[in-house]
file work_34.txt (compact mmCIF, C-alpha atoms)
# COMPACT_ATOMS: atom_id res chain seq x y z
CA MET B 1 2.64 -9.52 -69.54
CA ALA B 2 2.87 -8.99 -73.28
CA ARG B 3 5.09 -11.38 -75.17
CA THR B 4 7.18 -8.51 -76.56
CA ALA B 5 8.06 -7.42 -73.00
CA LYS B 6 9.71 -10.75 -72.17
CA PRO B 7 13.52 -10.89 -72.28
CA PRO B 8 14.93 -12.52 -75.42
CA ALA B 9 15.96 -16.16 -75.25
CA ALA B 10 19.58 -16.83 -74.31
CA PRO B 11 20.53 -18.29 -77.74
CA VAL B 12 19.18 -15.18 -79.46
CA LEU B 13 21.22 -12.89 -77.23
CA ALA B 14 24.31 -15.07 -77.61
CA THR B 15 24.10 -14.91 -81.41
CA ASP B 16 23.59 -11.15 -81.34
CA LYS B 17 26.47 -10.71 -78.89
CA ALA B 18 28.83 -12.64 -81.17
CA ALA B 19 27.85 -10.46 -84.11
CA ALA B 20 28.31 -7.28 -82.08
CA LEU B 21 31.74 -8.17 -80.75
CA ALA B 22 32.86 -9.13 -84.25
CA LEU B 23 32.03 -5.56 -85.28
CA THR B 24 33.53 -3.91 -82.20
CA PRO B 25 35.97 -6.26 -80.41
CA VAL B 26 36.71 -5.70 -76.71
CA SER B 27 38.94 -7.29 -74.07
CA ARG B 28 37.74 -10.21 -71.95
CA GLU B 29 37.53 -7.91 -68.96
CA THR B 30 35.34 -5.43 -70.82
CA GLU B 31 33.18 -8.25 -72.15
CA ALA B 32 32.62 -9.47 -68.58
CA ARG B 33 31.59 -6.00 -67.46
CA LEU B 34 29.22 -5.68 -70.41
CA ASP B 35 27.69 -9.05 -69.55
CA ARG B 36 26.93 -7.80 -66.03
CA TYR B 37 25.49 -4.62 -67.49
CA VAL B 38 23.20 -6.51 -69.87
CA ALA B 39 21.97 -8.77 -67.07
CA LEU B 40 21.11 -5.77 -64.91
CA LEU B 41 19.48 -3.94 -67.82
CA LEU B 42 17.21 -6.90 -68.56
CA GLU B 43 16.30 -7.12 -64.87
CA TRP B 44 15.31 -3.44 -64.72
CA GLN B 45 13.63 -3.59 -68.14
CA ALA B 46 10.91 -5.76 -66.61
CA LYS B 47 9.84 -2.78 -64.47
CA THR B 48 10.97 0.27 -66.44
CA ASN B 49 11.47 0.63 -70.19
CA MET B 50 15.21 1.28 -70.41
CA VAL B 51 15.19 0.55 -74.16
CA ALA B 52 12.45 -0.09 -76.72
CA PRO B 53 11.23 -3.68 -76.12
CA SER B 54 11.34 -4.41 -79.85
CA THR B 55 15.13 -3.89 -79.83
CA LEU B 56 15.90 -6.40 -77.04
CA PRO B 57 16.72 -9.36 -79.34
CA HIS B 58 19.37 -7.11 -80.93
CA LEU B 59 20.53 -5.47 -77.71
CA TRP B 60 24.21 -6.09 -78.39
CA THR B 61 24.32 -4.96 -82.02
CA ARG B 62 21.66 -2.25 -81.81
CA HIS B 63 22.85 -0.61 -78.58
CA ILE B 64 26.17 -1.90 -77.23
CA SER B 65 28.17 -2.14 -80.45
CA ASP B 66 26.59 1.11 -81.62
CA SER B 67 28.04 2.76 -78.51
CA LEU B 68 31.45 1.06 -78.64
CA GLN B 69 32.18 2.38 -82.13
CA LEU B 70 32.63 5.87 -80.69
CA LEU B 71 35.90 4.80 -79.09
CA THR B 72 37.57 4.47 -82.50
CA LEU B 73 36.77 8.14 -83.24
CA ALA B 74 38.32 9.39 -79.98
CA PRO B 75 40.91 6.75 -79.04
CA SER B 76 42.86 8.97 -76.65
CA ALA B 77 39.83 10.45 -74.84
CA ARG B 78 39.65 9.68 -71.13
CA ILE B 79 37.12 12.17 -69.78
CA TRP B 80 33.69 11.85 -71.38
CA ALA B 81 30.37 13.62 -70.83
CA ASP B 82 27.23 11.79 -71.95
CA PHE B 83 24.03 13.82 -72.34
CA GLY B 84 20.74 12.14 -71.40
CA SER B 85 22.30 8.79 -70.52
CA GLY B 86 18.95 7.00 -69.97
CA GLY B 87 19.54 3.26 -70.08
CA GLY B 88 23.28 3.75 -70.46
CA PHE B 89 23.89 4.17 -74.18
CA PRO B 90 26.51 5.18 -74.94
CA GLY B 91 27.73 6.36 -71.50
CA ILE B 92 27.70 3.12 -69.49
CA VAL B 93 29.10 1.12 -72.40
CA LEU B 94 31.97 3.60 -72.69
CA ALA B 95 32.60 3.43 -68.93
CA CYS B 96 32.78 -0.38 -69.10
CA ALA B 97 35.27 -0.17 -71.97
CA LEU B 98 37.40 2.46 -70.21
CA ALA B 99 37.62 0.75 -66.83
CA GLU B 100 41.22 -0.34 -67.48
CA THR B 101 42.27 3.16 -68.62
CA ALA B 102 44.03 5.23 -65.96
CA GLY B 103 42.25 8.50 -65.20
CA ALA B 104 39.15 7.67 -67.22
CA ILE B 105 35.70 8.82 -66.12
CA VAL B 106 32.33 9.21 -67.82
CA HIS B 107 29.97 11.95 -66.62
CA LEU B 108 26.44 10.57 -67.04
CA ILE B 109 23.79 13.31 -67.15
CA GLU B 110 20.22 12.10 -66.64
CA ARG B 111 17.14 13.97 -65.43
CA ASN B 112 14.97 10.91 -64.68
CA ALA B 113 15.53 9.82 -61.07
CA ARG B 114 14.80 6.14 -61.67
CA LYS B 115 17.13 5.94 -64.64
CA ALA B 116 19.80 7.82 -62.69
CA ALA B 117 19.47 5.20 -59.94
CA PHE B 118 19.92 2.47 -62.55
CA LEU B 119 23.05 4.17 -63.87
CA ARG B 120 24.55 4.38 -60.38
CA GLU B 121 23.79 0.73 -59.71
CA THR B 122 25.31 -0.28 -63.05
CA LEU B 123 28.53 1.60 -62.32
CA ARG B 124 28.72 -0.20 -58.98
CA VAL B 125 27.98 -3.66 -60.36
CA THR B 126 30.41 -3.32 -63.27
CA ASN B 127 33.03 -1.42 -61.26
CA SER B 128 33.28 1.12 -64.06
CA PRO B 129 34.51 4.73 -63.79
CA GLY B 130 31.62 7.16 -63.90
CA MET B 131 29.71 9.90 -62.11
CA VAL B 132 25.94 10.31 -62.36
CA HIS B 133 24.48 13.81 -62.44
CA LEU B 134 20.74 13.83 -61.70
CA ALA B 135 19.87 17.07 -63.48
CA GLU B 136 18.81 18.71 -66.70
CA ILE B 137 21.59 18.77 -69.29
CA GLY B 138 21.66 22.56 -69.53
CA ASP B 139 22.00 22.88 -65.75
CA THR B 140 24.95 20.50 -65.55
CA VAL B 141 27.38 21.29 -68.35
CA ASP B 142 28.87 24.37 -66.70
CA ARG B 143 29.23 22.51 -63.39
CA ILE B 144 31.58 19.87 -64.78
CA THR B 145 34.96 21.04 -63.58
CA GLY B 146 38.21 20.18 -65.26
CA PRO B 147 38.80 19.10 -68.84
CA VAL B 148 36.40 17.04 -70.93
CA ASP B 149 37.83 15.22 -73.92
CA CYS B 150 34.63 14.06 -75.61
CA VAL B 151 30.89 14.81 -75.45
CA THR B 152 28.33 12.22 -76.55
CA ALA B 153 24.57 11.86 -76.94
CA ARG B 154 22.21 9.31 -78.43
CA ALA B 155 18.46 9.62 -79.01
CA VAL B 156 18.15 12.60 -76.65
CA ALA B 157 17.31 15.79 -78.55
CA PRO B 158 17.47 17.41 -81.99
CA LEU B 159 20.98 18.18 -83.20
CA HIS B 160 20.69 21.96 -82.83
CA GLN B 161 19.84 21.54 -79.14
CA LEU B 162 22.69 19.10 -78.55
CA ILE B 163 25.11 21.53 -80.15
CA GLY B 164 23.92 24.25 -77.78
CA PHE B 165 24.51 22.02 -74.77
CA ALA B 166 27.93 20.93 -76.03
CA GLU B 167 29.21 24.35 -77.07
CA PRO B 168 30.75 25.33 -73.69
CA LEU B 169 32.65 22.03 -73.50
CA VAL B 170 33.75 22.10 -77.14
CA ARG B 171 34.96 25.66 -76.61
CA ARG B 172 37.17 24.25 -73.84
CA GLY B 173 38.67 21.65 -76.17
CA ALA B 174 36.24 18.73 -76.22
CA LYS B 175 35.20 16.79 -79.31
CA ALA B 176 31.47 16.14 -79.81
CA LEU B 177 30.23 12.78 -81.13
CA PHE B 178 26.48 12.54 -81.62
CA LEU B 179 24.78 9.32 -82.75
CA LYS B 180 22.02 10.18 -85.20
CA GLY B 181 19.59 8.46 -87.56
CA GLN B 182 18.58 8.71 -91.20
CA ASP B 183 17.19 12.26 -90.88
CA ILE B 184 20.67 13.71 -90.37
CA GLU B 185 20.53 16.03 -93.40
CA ALA B 186 17.37 17.72 -92.13
CA GLU B 187 18.86 18.05 -88.65
CA LEU B 188 22.06 19.58 -90.04
CA THR B 189 20.03 22.05 -92.10
CA GLU B 190 18.17 23.15 -88.99
CA ALA B 191 21.34 23.29 -86.88
CA THR B 192 23.15 25.57 -89.30
CA LYS B 193 20.45 28.21 -88.84
CA TYR B 194 21.84 28.76 -85.35
CA TRP B 195 25.39 27.42 -85.38
CA SER B 196 28.48 27.76 -87.54
CA ILE B 197 29.86 24.22 -87.73
CA THR B 198 31.94 22.00 -89.99
CA PRO B 199 30.57 18.53 -89.27
CA HIS B 200 32.38 15.32 -90.10
CA LEU B 201 29.89 12.53 -90.81
CA HIS B 202 30.76 8.90 -90.14
CA SER B 203 28.51 6.09 -91.32
CA SER B 204 27.49 3.83 -88.45
CA ARG B 205 29.07 0.38 -88.42
CA THR B 206 25.94 -1.11 -86.89
CA SER B 207 23.15 0.57 -88.84
CA GLY B 208 22.99 1.25 -92.54
CA ARG B 209 20.83 4.30 -91.81
CA GLY B 210 22.76 5.63 -88.83
CA TRP B 211 25.36 8.37 -88.65
CA ILE B 212 27.84 9.82 -86.18
CA VAL B 213 28.22 13.59 -86.26
CA GLU B 214 31.70 14.70 -85.21
CA LEU B 215 32.25 18.34 -84.25
CA ASP B 216 35.52 19.95 -83.17
CA CYS B 217 34.46 23.59 -83.36
CA ILE B 218 31.14 25.30 -82.62
CA GLU B 219 30.37 29.00 -82.99
CA ARG B 220 27.11 30.83 -82.45
CA ARG B 221 25.62 32.16 -85.65
CA ASN B 222 23.20 34.48 -83.84
CA GLN B 223 22.01 35.18 -80.31
CA SER B 224 18.73 33.29 -80.76
CA ALA B 225 20.79 30.08 -80.71
CA THR B 226 21.08 30.42 -76.95
CA ALA B 227 17.33 30.34 -76.38
CA VAL B 228 16.62 27.61 -78.91
CA SER B 229 19.46 25.30 -77.90
CA THR B 230 18.67 25.12 -74.20
CA ARG B 231 15.18 23.66 -74.50
CA ALA B 232 15.26 19.86 -74.40

call {"tool": "encode", "arguments": {"input": "work_34.txt", "output": "structure tokens"}}
result
Amino acid sequence: MARTAKPPAAPVLATDKAAALALTPVSRETEARLDRYVALLLEWQAKTNMVAPSTLPHLWTRHISDSLQLLTLAPSARIWADFGSGGGFPGIVLACALAETAGAIVHLIERNARKAAFLRETLRVTNSPGMVHLAEIGDTVDRITGPVDCVTARAVAPLHQLIGFAEPLVRRGAKALFLKGQDIEAELTEATKYWSITPHLHSSRTSGRGWIVELDCIERRNQSATAVSTRA
């Protein structure tokens, strides 16, 4: 097995964890759930790439803290929908953090069967509130009944596609929070060809090149947005 595929040494993870929780503090109970999540993630990582192997030494700051920061932008949100949950960022992290919140649930949408199985097992092991939908994002959004307070996505699809997926939920009152990288200006330029939006950009706490795109209102600019936005 390649050296880069091995799990990081415990002291490395411990140092990274301390740095992450200094950026985004959590309760002891949430920390314990996140510890169980990380242990399970590293176990599955040996068989299936849940995250890029090169990011494992910085798992807490690069992935967990990056996900936790969304809670400060939607502090009253209880019902979340996470597009393309993959290894659980940000959906599982949010579920772990919301486990003590009455009525909270995170809808985790994932089309890969193995990753969906991992998400279900993680919810069970951490005793966190969530529901896994094994399906394409576009096939699931309209099936989520009841209110959704916040929609999230991270490293899933270009912004204009994410906006298309989120539009039905935002129309019903949800806020969208999309974690994006340094190419955000180009993605916004492309998105505004199809969508009328007023984005609020938040600089990531955990990455000097990362951004969070906040959207409270989405309107179709032209009918071609429908076709373009539903291909991910």

call {"tool": "atom_distance", "arguments": {"input": "work_34.txt", "atom1": "atom CA of Glu110 of chain B", "atom2": "atom CA of Thr122 of chain B"}}
result
13.9 Å

call {"tool": "closest_residue", "arguments": {"input": "work_34.txt", "among": "B:Ala153, B:Val38, B:Pro53, B:Glu31", "to": "Ala10 of chain B", "atoms": "all atoms listed in the file"}}
result
B:Val38

call {"tool": "axis_aligned_box", "arguments": {"input": "work_34.txt", "around": "segment 202-216 of chain B", "padding_each_side": "6 Å", "output": "lines of an AutoDock Vina configuration file"}}
result
center_x = 28.2
center_y = 9.4
center_z = -87.9
size_x = 26.7
size_y = 33.1
size_z = 21.4

call {"tool": "atom_distance", "arguments": {"input": "work_34.txt", "atom1": "atom CA of Leu177 of chain B", "atom2": "atom CA of Met50 of chain B"}}
result
21.7 Å

call {"tool": "closest_residue", "arguments": {"input": "work_34.txt", "among": "B:Leu201, B:Arg209, B:Leu188, B:Tyr194", "to": "Asn222 of chain B", "atoms": "all atoms listed in the file"}}
result
B:Tyr194

call {"tool": "closest_atom_pairs", "arguments": {"input": "work_34.txt", "of": "segment 173-214 of chain B", "to": "segment 69-81 of chain B", "cutoff": "10 Å", "atoms": "only C-alpha atoms", "output": "Markdown table"}}
result
| residue | atom | partner | partner_atom | distance |
| --- | --- | --- | --- | --- |
| B:Ala174 | CA | B:Trp80 | CA | 8.8 |
| B:Lys175 | CA | B:Ala74 | CA | 8.1 |
| B:Ala176 | CA | B:Ala81 | CA | 9.4 |
| B:Leu177 | CA | B:Leu70 | CA | 7.3 |
| B:Phe178 | CA | B:Leu70 | CA | 9.1 |
| B:Leu179 | CA | B:Leu70 | CA | 8.8 |
| B:His202 | CA | B:Leu73 | CA | 9.2 |
| B:Ser204 | CA | B:Gln69 | CA | 8.0 |
| B:Arg205 | CA | B:Gln69 | CA | 7.3 |
| B:Thr206 | CA | B:Gln69 | CA | 8.6 |
| B:Ile212 | CA | B:Leu70 | CA | 8.3 |
| B:Glu214 | CA | B:Leu73 | CA | 8.5 |

call {"tool": "write_last_selection", "arguments": {"input": "work_34.txt", "atoms": "C-alpha atoms", "output": "short mmCIF file (atom, residue, chain, number, x, y, z; two decimals), in the frame of the given file"}}
result
data_model
loop_
_atom_site.label_atom_id
_atom_site.label_comp_id
_atom_site.auth_asym_id
_atom_site.auth_seq_id
_atom_site.Cartn_x
_atom_site.Cartn_y
_atom_site.Cartn_z
CA ALA B 174 36.24 18.73 -76.22
CA LYS B 175 35.20 16.79 -79.31
CA ALA B 176 31.47 16.14 -79.81
CA LEU B 177 30.23 12.78 -81.13
CA PHE B 178 26.48 12.54 -81.62
CA LEU B 179 24.78 9.32 -82.75
CA HIS B 202 30.76 8.90 -90.14
CA SER B 204 27.49 3.83 -88.45
CA ARG B 205 29.07 0.38 -88.42
CA THR B 206 25.94 -1.11 -86.89
CA ILE B 212 27.84 9.82 -86.18
CA GLU B 214 31.70 14.70 -85.21
#

call {"tool": "residues_around", "arguments": {"input": "work_34.txt", "residues": "Trp44 of chain B", "least_positions_apart": "4", "cutoff": "12 Å", "atoms": "all atoms listed in the file", "output": "list of chain:residue names"}}
result
B:Ala5, B:Lys6, B:Pro7, B:Tyr37, B:Val38, B:Ala39, B:Leu40, B:Thr48, B:Asn49, B:Met50, B:Val51, B:Gly87, B:Arg114, B:Lys115, B:Ala117, B:Phe118, B:Leu119, B:Glu121, B:Thr122

call {"tool": "closest_residue", "arguments": {"input": "work_34.txt", "among": "B:Val93, B:Ile109, B:Leu68, B:Val151", "to": "Ala20 of chain B", "atoms": "only C-alpha atoms"}}
result
B:Leu68

call {"tool": "residues_around", "arguments": {"input": "work_34.txt", "residues": "Arg62 of chain B", "least_positions_apart": "3", "cutoff": "10 Å", "atoms": "all atoms listed in the file", "output": "PDB file with C-alpha atoms, keeping the file's coordinate frame"}}
result
ATOM      1  CA  ASP B  16      23.590 -11.150 -81.340  1.00  0.00           C
ATOM      2  CA  ALA B  20      28.310  -7.280 -82.080  1.00  0.00           C
ATOM      3  CA  THR B  55      15.130  -3.890 -79.830  1.00  0.00           C
ATOM      4  CA  LEU B  56      15.900  -6.400 -77.040  1.00  0.00           C
ATOM      5  CA  PRO B  57      16.720  -9.360 -79.340  1.00  0.00           C
ATOM      6  CA  HIS B  58      19.370  -7.110 -80.930  1.00  0.00           C
ATOM      7  CA  LEU B  59      20.530  -5.470 -77.710  1.00  0.00           C
ATOM      8  CA  SER B  65      28.170  -2.140 -80.450  1.00  0.00           C
ATOM      9  CA  ASP B  66      26.590   1.110 -81.620  1.00  0.00           C
ATOM     10  CA  SER B  67      28.040   2.760 -78.510  1.00  0.00           C
ATOM     11  CA  THR B 206      25.940  -1.110 -86.890  1.00  0.00           C
ATOM     12  CA  SER B 207      23.150   0.570 -88.840  1.00  0.00           C
TER      13      SER B 207
END

call {"tool": "residues_near_point", "arguments": {"input": "work_34.txt", "point": "(23.6, 29.2, -90.9)", "cutoff": "12 Å", "atoms": "all atoms listed in the file", "output": "list in words"}}
result
His160, Leu188, Thr189, Glu190, Ala191, Thr192, Lys193, Tyr194, Trp195, Ser196, Ile197, Thr198, Ile218, Glu219, Arg220, Arg221, Asn222, Ser224 and Ala225 of chain B

call {"tool": "atom_distance", "arguments": {"input": "work_34.txt", "atom1": "atom CA of Phe165 of chain B", "atom2": "atom CA of Gly138 of chain B"}}
result
6.0 Å

call {"tool": "residues_around", "arguments": {"input": "work_34.txt", "residues": "Phe83 of chain B", "least_positions_apart": "2", "cutoff": "12 Å", "atoms": "all atoms listed in the file", "output": "ChimeraX atom specification"}}
result
/B:80-81,85-92,106-111,132-141,150-157,161-166,169,176-179,232

call {"tool": "closest_residue", "arguments": {"input": "work_34.txt", "among": "B:Asp35, B:Glu185, B:Asp82, B:Glu100", "to": "Ile144 of chain B", "atoms": "all atoms listed in the file"}}
result
B:Asp82

call {"tool": "closest_residue", "arguments": {"input": "work_34.txt", "among": "B:Trp60, B:Thr126, B:Pro147, B:Arg33", "to": "Gly103 of chain B", "atoms": "only C-alpha atoms"}}
result
B:Pro147

call {"tool": "residues_near_point", "arguments": {"input": "work_34.txt", "point": "(19.8, 7.5, -88.6)", "cutoff": "7 Å", "atoms": "all atoms listed in the file", "output": "VMD selection string"}}
result
chain B and resid 180 to 184 209 to 211

call {"tool": "decode", "arguments": {"input": "work_34.txt", "residues": "segment 134-145 of chain B", "atoms": "N, CA, C and O atoms", "output": "PDB file, in the first residue's frame"}}
result
ATOM      1  N   LEU B 134     -30.500   7.569  -1.407  1.00  0.00           N
ATOM      2  CA  LEU B 134     -29.648   7.007  -2.458  1.00  0.00           C
ATOM      3  C   LEU B 134     -30.284   7.336  -3.795  1.00  0.00           C
ATOM      4  O   LEU B 134     -31.169   6.637  -4.276  1.00  0.00           O
ATOM      5  N   ALA B 135     -29.850   8.422  -4.405  1.00  0.00           N
ATOM      6  CA  ALA B 135     -30.481   8.907  -5.638  1.00  0.00           C
ATOM      7  C   ALA B 135     -29.675  10.052  -6.218  1.00  0.00           C
ATOM      8  O   ALA B 135     -28.786  10.612  -5.571  1.00  0.00           O
ATOM      9  N   GLU B 136     -29.982  10.382  -7.458  1.00  0.00           N
ATOM     10  CA  GLU B 136     -29.442  11.579  -8.073  1.00  0.00           C
ATOM     11  C   GLU B 136     -30.055  12.807  -7.386  1.00  0.00           C
ATOM     12  O   GLU B 136     -31.209  12.773  -6.936  1.00  0.00           O
ATOM     13  N   ILE B 137     -29.300  13.888  -7.315  1.00  0.00           N
ATOM     14  CA  ILE B 137     -29.792  15.085  -6.640  1.00  0.00           C
ATOM     15  C   ILE B 137     -31.085  15.583  -7.270  1.00  0.00           C
ATOM     16  O   ILE B 137     -32.075  15.848  -6.581  1.00  0.00           O
ATOM     17  N   GLY B 138     -31.109  15.683  -8.599  1.00  0.00           N
ATOM     18  CA  GLY B 138     -32.269  16.215  -9.284  1.00  0.00           C
ATOM     19  C   GLY B 138     -33.520  15.380  -9.115  1.00  0.00           C
ATOM     20  O   GLY B 138     -34.642  15.887  -9.237  1.00  0.00           O
ATOM     21  N   ASP B 139     -33.350  14.084  -8.801  1.00  0.00           N
ATOM     22  CA  ASP B 139     -34.492  13.197  -8.620  1.00  0.00           C
ATOM     23  C   ASP B 139     -35.025  13.222  -7.199  1.00  0.00           C
ATOM     24  O   ASP B 139     -36.069  12.627  -6.917  1.00  0.00           O
ATOM     25  N   THR B 140     -34.310  13.879  -6.299  1.00  0.00           N
ATOM     26  CA  THR B 140     -34.645  13.802  -4.877  1.00  0.00           C
ATOM     27  C   THR B 140     -35.236  15.078  -4.317  1.00  0.00           C
ATOM     28  O   THR B 140     -36.078  15.041  -3.424  1.00  0.00           O
ATOM     29  N   VAL B 141     -34.815  16.213  -4.826  1.00  0.00           N
ATOM     30  CA  VAL B 141     -35.192  17.493  -4.231  1.00  0.00           C
ATOM     31  C   VAL B 141     -36.701  17.627  -4.076  1.00  0.00           C
ATOM     32  O   VAL B 141     -37.201  17.998  -3.003  1.00  0.00           O
ATOM     33  N   ASP B 142     -37.447  17.308  -5.119  1.00  0.00           N
ATOM     34  CA  ASP B 142     -38.898  17.482  -5.064  1.00  0.00           C
ATOM     35  C   ASP B 142     -39.580  16.461  -4.160  1.00  0.00           C
ATOM     36  O   ASP B 142     -40.749  16.621  -3.817  1.00  0.00           O
ATOM     37  N   ARG B 143     -38.848  15.392  -3.781  1.00  0.00           N
ATOM     38  CA  ARG B 143     -39.442  14.360  -2.941  1.00  0.00           C
ATOM     39  C   ARG B 143     -39.278  14.650  -1.452  1.00  0.00           C
ATOM     40  O   ARG B 143     -39.848  13.938  -0.623  1.00  0.00           O
ATOM     41  N   ILE B 144     -38.476  15.628  -1.115  1.00  0.00           N
ATOM     42  CA  ILE B 144     -38.307  15.992   0.291  1.00  0.00           C
ATOM     43  C   ILE B 144     -39.542  16.764   0.727  1.00  0.00           C
ATOM     44  O   ILE B 144     -39.790  17.884   0.282  1.00  0.00           O
ATOM     45  N   THR B 145     -40.338  16.136   1.576  1.00  0.00           N
ATOM     46  CA  THR B 145     -41.578  16.773   2.022  1.00  0.00           C
ATOM     47  C   THR B 145     -41.309  17.640   3.249  1.00  0.00           C
ATOM     48  O   THR B 145     -40.362  17.414   3.994  1.00  0.00           O
TER      49      THR B 145
END
